[in-house]
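Structure file final_8.cif with mmCIF, C-alpha atoms:
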data_final
#
loop_
_atom_site.group_PDB
_atom_site.id
_atom_site.type_symbol
_atom_site.label_atom_id
_atom_site.label_comp_id
_atom_site.auth_asym_id
_atom_site.auth_seq_id
_atom_site.Cartn_x
_atom_site.Cartn_y
_atom_site.Cartn_z
ATOM 1 C CA MET A 1 27.461 19.528 -11.615
ATOM 2 C CA VAL A 2 24.752 20.044 -14.243
ATOM 3 C CA ALA A 3 27.238 21.474 -16.728
ATOM 4 C CA PHE A 4 29.567 18.548 -16.079
ATOM 5 C CA ARG A 5 26.743 16.099 -16.751
ATOM 6 C CA TYR A 6 25.820 17.719 -20.034
ATOM 7 C CA SER A 7 29.443 17.717 -21.077
ATOM 8 C CA VAL A 8 29.561 13.977 -20.457
ATOM 9 C CA LEU A 9 26.467 13.399 -22.534
ATOM 10 C CA ALA A 10 27.910 15.541 -25.276
ATOM 11 C CA ALA A 11 31.071 13.440 -25.205
ATOM 12 C CA LEU A 12 28.994 10.287 -25.525
ATOM 13 C CA ALA A 13 27.100 11.745 -28.453
ATOM 14 C CA LEU A 14 30.371 12.729 -30.137
ATOM 15 C CA ARG A 15 31.568 9.189 -29.648
ATOM 16 C CA VAL A 16 28.537 7.801 -31.487
ATOM 17 C CA VAL A 17 28.924 10.349 -34.283
ATOM 18 C CA SER A 18 32.610 9.561 -34.564
ATOM 19 C CA VAL A 19 31.802 5.877 -35.076
ATOM 20 C CA PHE A 20 29.605 6.612 -38.055
ATOM 21 C CA ALA A 21 32.011 9.212 -39.367
ATOM 22 C CA ALA A 22 34.825 6.633 -39.264
ATOM 23 C CA GLU A 23 32.821 4.317 -41.527
ATOM 24 C CA SER A 24 32.387 6.955 -44.249
ATOM 25 C CA SER A 25 35.165 7.711 -46.735
ATOM 26 C CA SER A 26 37.202 10.847 -46.199
ATOM 27 C CA PRO A 27 40.323 12.214 -47.835
ATOM 28 C CA LEU A 28 41.906 12.550 -44.386
ATOM 29 C CA ASP A 29 42.116 8.749 -44.106
ATOM 30 C CA ASP A 30 45.117 8.733 -46.394
ATOM 31 C CA ASP A 31 46.893 11.530 -44.585
ATOM 32 C CA ALA A 32 50.258 10.126 -43.519
ATOM 33 C CA GLY A 33 50.930 13.029 -41.170
ATOM 34 C CA SER A 34 48.155 12.098 -38.674
ATOM 35 C CA PRO A 35 49.342 10.805 -35.274
ATOM 36 C CA PRO A 36 49.176 7.027 -34.743
ATOM 37 C CA GLU A 37 46.223 5.685 -32.791
ATOM 38 C CA VAL A 38 47.051 4.656 -29.211
ATOM 39 C CA ASP A 39 45.235 1.712 -27.628
ATOM 40 C CA LEU A 40 44.495 1.503 -23.933
ATOM 41 C CA LYS A 41 45.577 -1.781 -22.428
ATOM 42 C CA ALA A 42 42.691 -2.102 -19.993
ATOM 43 C CA GLU A 43 39.538 -4.129 -19.703
ATOM 44 C CA VAL A 44 36.346 -2.552 -18.402
ATOM 45 C CA VAL A 45 33.376 -4.920 -17.997
ATOM 46 C CA ALA A 46 30.001 -4.359 -16.323
ATOM 47 C CA THR A 47 27.933 -7.076 -14.648
ATOM 48 C CA PHE A 48 24.490 -7.026 -13.026
ATOM 49 C CA PRO A 49 24.547 -9.562 -10.172
ATOM 50 C CA GLU A 50 21.019 -8.785 -8.934
ATOM 51 C CA ALA A 51 19.261 -8.159 -12.252
ATOM 52 C CA ASP A 52 20.799 -10.792 -14.507
ATOM 53 C CA ASP A 53 19.075 -14.145 -15.056
ATOM 54 C CA ILE A 54 18.682 -16.736 -17.763
ATOM 55 C CA PHE A 55 16.370 -14.438 -19.717
ATOM 56 C CA GLY A 56 18.783 -11.514 -19.687
ATOM 57 C CA VAL A 57 19.134 -8.342 -17.668
ATOM 58 C CA LYS A 58 15.860 -6.970 -16.280
ATOM 59 C CA LEU A 59 15.581 -3.368 -15.149
ATOM 60 C CA VAL A 60 12.792 -3.116 -12.552
ATOM 61 C CA ASN A 61 10.849 0.145 -12.406
ATOM 62 C CA GLY A 62 11.132 2.004 -9.120
ATOM 63 C CA ARG A 63 14.057 -0.075 -7.879
ATOM 64 C CA ALA A 64 17.736 0.714 -8.044
ATOM 65 C CA THR A 65 19.524 -1.349 -10.669
ATOM 66 C CA LYS A 66 22.996 -2.086 -9.314
ATOM 67 C CA ALA A 67 25.908 -2.832 -11.621
ATOM 68 C CA VAL A 68 29.500 -3.730 -10.828
ATOM 69 C CA ILE A 69 32.157 -2.346 -13.159
ATOM 70 C CA ASP A 70 35.360 -4.386 -13.093
ATOM 71 C CA VAL A 71 38.412 -2.455 -14.344
ATOM 72 C CA THR A 72 41.587 -4.442 -15.084
ATOM 73 C CA ASN A 73 44.712 -2.372 -15.763
ATOM 74 C CA ASN A 74 47.138 -4.085 -18.134
ATOM 75 C CA GLU A 75 49.276 -0.983 -18.554
ATOM 76 C CA ASP A 76 52.719 -0.495 -17.092
ATOM 77 C CA GLU A 77 51.529 2.708 -15.414
ATOM 78 C CA PRO A 78 48.425 3.517 -13.352
ATOM 79 C CA ILE A 79 45.243 4.577 -15.128
ATOM 80 C CA LEU A 80 42.500 6.880 -13.925
ATOM 81 C CA VAL A 81 38.781 6.111 -14.300
ATOM 82 C CA ALA A 82 37.185 9.561 -14.457
ATOM 83 C CA PHE A 83 33.476 8.738 -14.712
ATOM 84 C CA VAL A 84 30.952 6.313 -16.162
ATOM 85 C CA GLY A 85 27.766 7.273 -18.000
ATOM 86 C CA GLY A 86 25.196 5.526 -20.101
ATOM 87 C CA GLN A 87 22.138 5.671 -22.304
ATOM 88 C CA LEU A 88 19.093 3.623 -23.165
ATOM 89 C CA LEU A 89 18.773 3.336 -26.909
ATOM 90 C CA ASN A 90 16.295 1.924 -29.364
ATOM 91 C CA PRO A 91 17.013 -1.782 -29.904
ATOM 92 C CA LYS A 92 17.052 -1.201 -33.655
ATOM 93 C CA ARG A 93 20.395 0.236 -34.588
ATOM 94 C CA PRO A 94 20.234 3.386 -36.740
ATOM 95 C CA GLY A 95 21.152 3.224 -40.388
ATOM 96 C CA PRO A 96 23.901 5.195 -42.099
ATOM 97 C CA ASP A 97 21.495 7.975 -43.044
ATOM 98 C CA ASP A 98 19.729 8.152 -39.665
ATOM 99 C CA ASP A 99 20.494 10.605 -36.900
ATOM 100 C CA PRO A 100 22.289 8.746 -34.066
ATOM 101 C CA LEU A 101 20.727 10.996 -31.430
ATOM 102 C CA ALA A 102 17.233 10.043 -32.592
ATOM 103 C CA SER A 103 17.689 6.529 -31.188
ATOM 104 C CA VAL A 104 18.383 7.802 -27.639
ATOM 105 C CA VAL A 105 15.422 7.011 -25.361
ATOM 106 C CA ARG A 106 16.800 7.953 -21.935
ATOM 107 C CA ASN A 107 20.090 9.298 -20.578
ATOM 108 C CA LEU A 108 21.312 7.659 -17.390
ATOM 109 C CA THR A 109 22.986 9.293 -14.428
ATOM 110 C CA THR A 110 26.700 9.961 -14.853
ATOM 111 C CA VAL A 111 28.812 8.894 -11.879
ATOM 112 C CA ARG A 112 32.176 10.483 -11.214
ATOM 113 C CA TYR A 113 34.868 8.251 -9.671
ATOM 114 C CA GLU A 114 38.374 9.671 -10.208
ATOM 115 C CA ALA A 115 39.612 6.207 -9.184
ATOM 116 C CA SER A 116 43.271 5.372 -9.805
ATOM 117 C CA ILE A 117 43.956 1.761 -10.797
ATOM 118 C CA PRO A 118 47.579 0.646 -10.243
ATOM 119 C CA ALA A 119 49.391 -1.306 -12.943
ATOM 120 C CA SER A 120 48.454 -4.987 -13.328
ATOM 121 C CA GLU A 121 45.642 -4.710 -10.777
ATOM 122 C CA LYS A 122 41.857 -5.038 -10.839
ATOM 123 C CA GLN A 123 39.304 -2.909 -9.088
ATOM 124 C CA SER A 124 35.498 -3.007 -8.925
ATOM 125 C CA LEU A 125 33.402 0.172 -9.027
ATOM 126 C CA PRO A 126 29.673 0.379 -8.124
ATOM 127 C CA PHE A 127 27.209 1.909 -10.550
ATOM 128 C CA SER A 128 23.451 2.208 -10.015
ATOM 129 C CA PHE A 129 20.452 3.952 -11.561
ATOM 130 C CA ILE A 130 16.653 3.999 -11.174
ATOM 131 C CA LEU A 131 14.111 3.880 -13.997
ATOM 132 C CA ASP A 132 10.412 4.687 -14.304
ATOM 133 C CA MET A 133 9.397 3.782 -17.847
ATOM 134 C CA GLN A 134 6.916 1.710 -19.793
ATOM 135 C CA PRO A 135 7.849 -1.988 -19.940
ATOM 136 C CA GLN A 136 9.806 -2.533 -23.132
ATOM 137 C CA ASP A 137 13.051 -3.871 -24.555
ATOM 138 C CA LEU A 138 15.892 -1.367 -24.985
ATOM 139 C CA ARG A 139 19.587 -1.370 -25.628
ATOM 140 C CA LEU A 140 21.708 -0.391 -22.630
ATOM 141 C CA GLN A 141 25.004 1.284 -23.420
ATOM 142 C CA LEU A 142 27.549 2.166 -20.733
ATOM 143 C CA VAL A 143 30.749 4.097 -21.488
ATOM 144 C CA ALA A 144 33.707 4.849 -19.207
ATOM 145 C CA VAL A 145 36.127 7.738 -19.626
ATOM 146 C CA VAL A 146 39.669 6.636 -18.710
ATOM 147 C CA SER A 147 42.995 8.429 -18.888
ATOM 148 C CA ASN A 148 46.520 7.007 -18.780
ATOM 149 C CA SER A 149 49.724 8.346 -17.291
ATOM 150 C CA ASP A 150 50.348 10.499 -20.393
ATOM 151 C CA ASP A 151 47.012 12.304 -19.831
ATOM 152 C CA GLN A 152 45.523 10.706 -22.909
ATOM 153 C CA ILE A 153 41.734 10.332 -22.632
ATOM 154 C CA PHE A 154 39.960 7.199 -23.833
ATOM 155 C CA GLN A 155 36.291 6.334 -24.101
ATOM 156 C CA VAL A 156 35.926 2.653 -23.323
ATOM 157 C CA GLY A 157 32.754 0.708 -23.988
ATOM 158 C CA VAL A 158 31.619 -1.007 -20.791
ATOM 159 C CA TYR A 159 28.287 -2.588 -21.735
ATOM 160 C CA ASP A 160 26.181 -2.685 -24.922
ATOM 161 C CA GLN A 161 23.388 -5.249 -24.889
ATOM 162 C CA THR A 162 19.600 -5.500 -25.005
ATOM 163 C CA VAL A 163 17.801 -5.322 -21.655
ATOM 164 C CA SER A 164 14.161 -5.519 -20.561
ATOM 165 C CA VAL A 165 12.354 -2.854 -18.547
ATOM 166 C CA VAL A 166 9.722 -4.574 -16.340
ATOM 167 C CA GLU A 167 7.338 -3.637 -13.549
ATOM 168 C CA ALA A 168 8.019 -4.583 -9.941
ATOM 169 C CA PRO A 169 6.321 -7.824 -8.844
ATOM 170 C CA THR A 170 3.359 -7.295 -6.533
ATOM 171 C CA SER A 171 2.943 -9.010 -3.164
ATOM 172 C CA ILE A 172 -0.050 -9.415 -0.868
ATOM 173 C CA LEU A 173 1.993 -8.095 2.065
ATOM 174 C CA ASP A 174 2.903 -4.933 0.189
ATOM 175 C CA PRO A 175 1.696 -1.903 2.256
ATOM 176 C CA GLN A 176 0.324 -0.226 -0.854
ATOM 177 C CA ILE A 177 -1.677 -3.321 -1.785
ATOM 178 C CA ILE A 178 -3.010 -3.657 1.788
ATOM 179 C CA PHE A 179 -4.116 -0.007 1.814
ATOM 180 C CA LEU A 180 -5.782 -0.499 -1.578
ATOM 181 C CA TYR A 181 -7.711 -3.522 -0.280
ATOM 182 C CA ILE A 182 -8.866 -1.596 2.802
ATOM 183 C CA PHE A 183 -9.975 1.374 0.684
ATOM 184 C CA LEU A 184 -11.913 -0.814 -1.762
ATOM 185 C CA THR A 185 -13.570 -2.764 1.066
ATOM 186 C CA ALA A 186 -14.665 0.430 2.834
ATOM 187 C CA GLY A 187 -16.064 1.812 -0.419
ATOM 188 C CA PHE A 188 -17.973 -1.405 -1.105
ATOM 189 C CA LEU A 189 -19.502 -1.485 2.400
ATOM 190 C CA ALA A 190 -20.511 2.179 2.173
ATOM 191 C CA THR A 191 -22.208 1.550 -1.174
ATOM 192 C CA CYS A 192 -24.089 -1.477 0.181
ATOM 193 C CA TYR A 193 -25.287 0.502 3.216
ATOM 194 C CA PHE A 194 -26.509 3.356 1.005
ATOM 195 C CA VAL A 195 -28.429 0.956 -1.273
ATOM 196 C CA TYR A 196 -29.988 -0.799 1.733
ATOM 197 C CA LYS A 197 -31.140 2.397 3.439
ATOM 198 C CA THR A 198 -32.411 3.940 0.195
ATOM 199 C CA TYR A 199 -34.136 1.087 -1.633
ATOM 200 C CA ILE A 200 -34.299 -2.166 0.352
ATOM 201 C CA GLU A 201 -35.425 -0.831 3.750
ATOM 202 C CA ALA A 202 -38.392 0.952 2.131
ATOM 203 C CA LEU A 203 -39.750 -2.384 0.845
ATOM 204 C CA PHE A 204 -39.927 -3.910 4.350
ATOM 205 C CA PRO A 205 -41.653 -1.434 6.730
ATOM 206 C CA GLN A 206 -41.109 -2.177 10.387
ATOM 207 C CA ALA A 207 -44.040 -2.540 12.830
ATOM 208 C CA LYS A 208 -44.510 0.352 15.243
ATOM 209 C CA ARG A 209 -43.667 -0.511 18.804
ATOM 210 C CA PRO A 210 -46.047 0.662 21.616
ATOM 211 C CA LYS A 211 -44.794 3.590 23.566
ATOM 212 C CA THR A 212 -43.772 2.624 27.081
ATOM 213 C CA GLY A 213 -43.272 6.124 28.400
ATOM 214 C CA GLY A 214 -45.683 9.016 28.768
ATOM 215 C CA LYS A 215 -48.463 9.899 31.220
ATOM 216 C CA LYS A 216 -50.816 7.185 32.427
ATOM 217 C CA ALA A 217 -54.564 7.585 31.929
ATOM 218 C CA ARG A 218 -56.404 8.778 35.033
ATOM 219 C CA VAL A 219 -59.014 6.338 36.290
ATOM 220 C CA VAL A 220 -62.207 7.985 37.644
ATOM 221 C CA PRO A 221 -64.013 5.853 40.227
ATOM 222 C CA VAL A 222 -67.691 5.203 39.468
ATOM 223 C CA GLU A 223 -70.107 5.332 42.347
ATOM 224 C CA LYS A 224 -72.462 2.402 42.524
ATOM 225 C CA GLU A 225 -76.091 2.842 43.358
ATOM 226 C CA PRO A 226 -77.354 0.960 46.451
ATOM 227 C CA LEU A 227 -79.154 -2.224 45.651
ATOM 228 C CA SER A 228 -82.458 -3.097 47.181
ATOM 229 C CA GLY A 229 -84.130 -6.375 47.886
ATOM 230 C CA GLY A 230 -82.586 -9.424 46.329
ATOM 231 C CA GLU A 231 -80.662 -7.486 43.688
ATOM 232 C CA GLY A 232 -76.975 -7.860 43.732
ATOM 233 C CA SER A 233 -73.988 -7.903 41.503
ATOM 234 C CA GLY A 234 -72.026 -10.912 40.498
ATOM 235 C CA THR A 235 -68.896 -9.710 42.254
ATOM 236 C CA GLY A 236 -67.585 -11.175 45.490
ATOM 237 C CA THR A 237 -67.854 -7.914 47.439
ATOM 238 C CA ASP A 238 -71.643 -7.471 47.015
ATOM 239 C CA LYS A 239 -73.838 -10.041 48.821
ATOM 240 C CA ALA A 240 -76.907 -11.494 47.138
ATOM 241 C CA TYR A 241 -79.267 -11.048 50.181
ATOM 242 C CA ASP A 242 -80.678 -8.249 52.346
ATOM 243 C CA GLU A 243 -79.196 -8.107 55.872
ATOM 244 C CA SER A 244 -81.755 -5.696 57.308
ATOM 245 C CA TRP A 245 -84.016 -8.444 58.649
ATOM 246 C CA ILE A 246 -81.182 -10.420 60.341
ATOM 247 C CA PRO A 247 -80.735 -9.693 64.092
ATOM 248 C CA SER A 248 -77.644 -7.779 65.007
ATOM 249 C CA ASP A 249 -76.517 -10.502 67.433
ATOM 250 C CA HIS A 250 -76.125 -12.875 64.574
ATOM 251 C CA LEU A 251 -74.348 -10.396 62.376
ATOM 252 C CA ASN A 252 -71.819 -9.236 64.989
ATOM 253 C CA ARG A 253 -70.158 -12.458 65.960
ATOM 254 C CA PRO A 254 -67.770 -12.380 68.938
ATOM 255 C CA THR A 255 -64.150 -12.765 67.920
ATOM 256 C CA ALA A 256 -61.792 -15.013 69.857
ATOM 257 C CA ARG A 257 -59.122 -13.140 71.729
ATOM 258 C CA ARG A 258 -55.583 -14.370 71.756
ATOM 259 C CA VAL A 259 -54.057 -14.901 75.199
ATOM 260 C CA LYS A 260 -50.340 -14.622 75.813
ATOM 261 C CA SER A 261 -48.449 -17.755 76.673
ATOM 262 C CA GLY A 262 -47.340 -16.417 80.105
ATOM 263 C CA ALA A 263 -50.855 -15.692 81.218
ATOM 264 C CA SER A 264 -52.103 -19.037 80.067
ATOM 265 C CA ALA A 265 -49.386 -20.771 82.076
ATOM 266 C CA LYS A 266 -50.381 -18.938 85.282
ATOM 267 C CA SER A 267 -54.012 -19.846 84.801
ATOM 268 C CA LYS A 268 -53.101 -23.465 84.412
ATOM 269 C CA THR A 269 -51.158 -23.465 87.704
ATOM 270 C CA LYS A 270 -54.128 -21.877 89.542
ATOM 271 C CA VAL A 271 -56.479 -24.545 88.255
ATOM 272 C CA ALA A 272 -54.067 -27.229 89.345
ATOM 273 C CA GLU A 273 -54.039 -25.896 92.912
#
Let me see the file written as structure tokens.
Amino acid sequence: MVAFRYSVLAALALRVVSVFAAESSSPLDDDAGSPPEVDLKAEVVATFPEADDIFGVKLVNGRATKAVIDVTNNEDEPILVAFVGGQLLNPKRPGPDDDPLASVVRNLTTVRYEASIPASEKQSLPFSFILDMQPQDLRLQLVAVVSNSDDQIFQVGVYDQTVSVVEAPTSILDPQIIFLYIFLTAGFLATCYFVYKTYIEALFPQAKRPKTGGKKARVVPVEKEPLSGGEGSGTGTDKAYDESWIPSDHLNRPTARRVKSGASAKSKTKVAE
């Protein structure tokens, strides 16, 4: 397959060289014994339905550029479309003294068809390729290799115009753009946190909170010395007078005893009798 591709590219290069060689004078031009040139009665045209607009054909990087090659057979016999190949060339056409191969920027993929087109019929063939280049204006050249019923091979020009290589339009909902936004946001937040913890937090020291846990301090009771005379403390438990001179009958007051309700009811009935 690789050898076949290089043979196709070599055939395309020979075609370009033959064009310039035909323009130069040669003594063979006057040779009457050369065979007459045979023309192929067929039309091969390429269109770009998805890439063509009012500003011309645009080849988007990273996306498949789809072309439709319409082949119209005007011969009396079927023709065979062998393959279609192409090149991207410098928009400035080379001069007579320039090397034709020097203007080649990129070789496109060669597609093999081996499609037979019956006489007086039209058939459409798909052709696509993907580019990854710098945005620029180039000349797109597509060539088809066709043979007739007499096994004569013809190289037919399919397309030769200036096209524009552009980048794919970006969208907010593009997964790559969304991932880029998330990555940049995470990096920005991490940087802000590092700056805050390193520089800003040191300028505003926080107050130390009291510790709630730990062992409680042991309280040692203090024994009070007995007071004498009229001395006394200001607390409610210590009295401000000496009780030693008060009779015990006055100090020990009788307490009222509570009587149950049943007993009290019986006593009341006895009194009533």
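Residues matched by the PyMOL selection byres ((chain A and resi 116) around 6) in this file are Ile79, Leu80, Ala115 and Ile117 of chain A.
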Coordinates-based distance that separates CA of Asp53 in chain A from CA of Gln123 in chain A (Å, one decimal):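 Pair CA of Gln123 in chain A / CA of Asp53 in chain A returns 23.9 Å.
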Nearest candidate to Ala119 in chain A (options A:Ala42, A:Ile246, A:Ala202, A:Ala82; using only C-alpha atoms): A:Ala42
Distance of CA of Leu131 in chain A from CA of Thr65 in chain A, expressed in Å to one decimal place: 8.2 Å
Cut-off 9 Å around (17.8, 0.8, -21.8) with only C-alpha atoms: residues as JSON, numbers by chain: {"A": [59, 86, 87, 88, 89, 90, 91, 105, 106, 107, 108, 136, 137, 138, 139, 140, 141, 161, 162, 163, 164, 165]}
Atomic distance CA of Pro175 in chain A - CA of Cys192 in chain A, expressed in Å with one decimal: 25.9 Å
Residue list as an MDAnalysis selection string for point (37.5, -3.8, -9.9), cut-off 12 Å, only C-alpha atoms: chainID A and resid 42:47 67:73 81 115:118 120:127
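With the shown file loaded, the PyMOL selection byres ((chain A and resi 168) around 7) picks out Val60, Asn61, Val166, Glu167, Pro169 and Thr170 of chain A.
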Residue nearest Ser149 in chain A - candidates A:Asp52, A:Asp39, A:Glu243, A:Glu77, atoms counted: all atoms listed in the file: A:Glu77
Answer key for the PyMOL selection byres ((chain A and resi 41) around 6), residues as a VMD selection string: chain A and resid 40 42 74 to 75
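Each of A:Arg112, A:Pro135, A:Ala186, A:Ser103 was compared to Lys58 in chain A using all atoms listed in the file, and A:Pro135 turns out to be the nearest.
For the choices A:Ile54, A:Glu201, A:Ser244, A:Tyr113, the atom-to-atom distance to Val146 in chain A is smallest for A:Tyr113 when using all atoms listed in the file.
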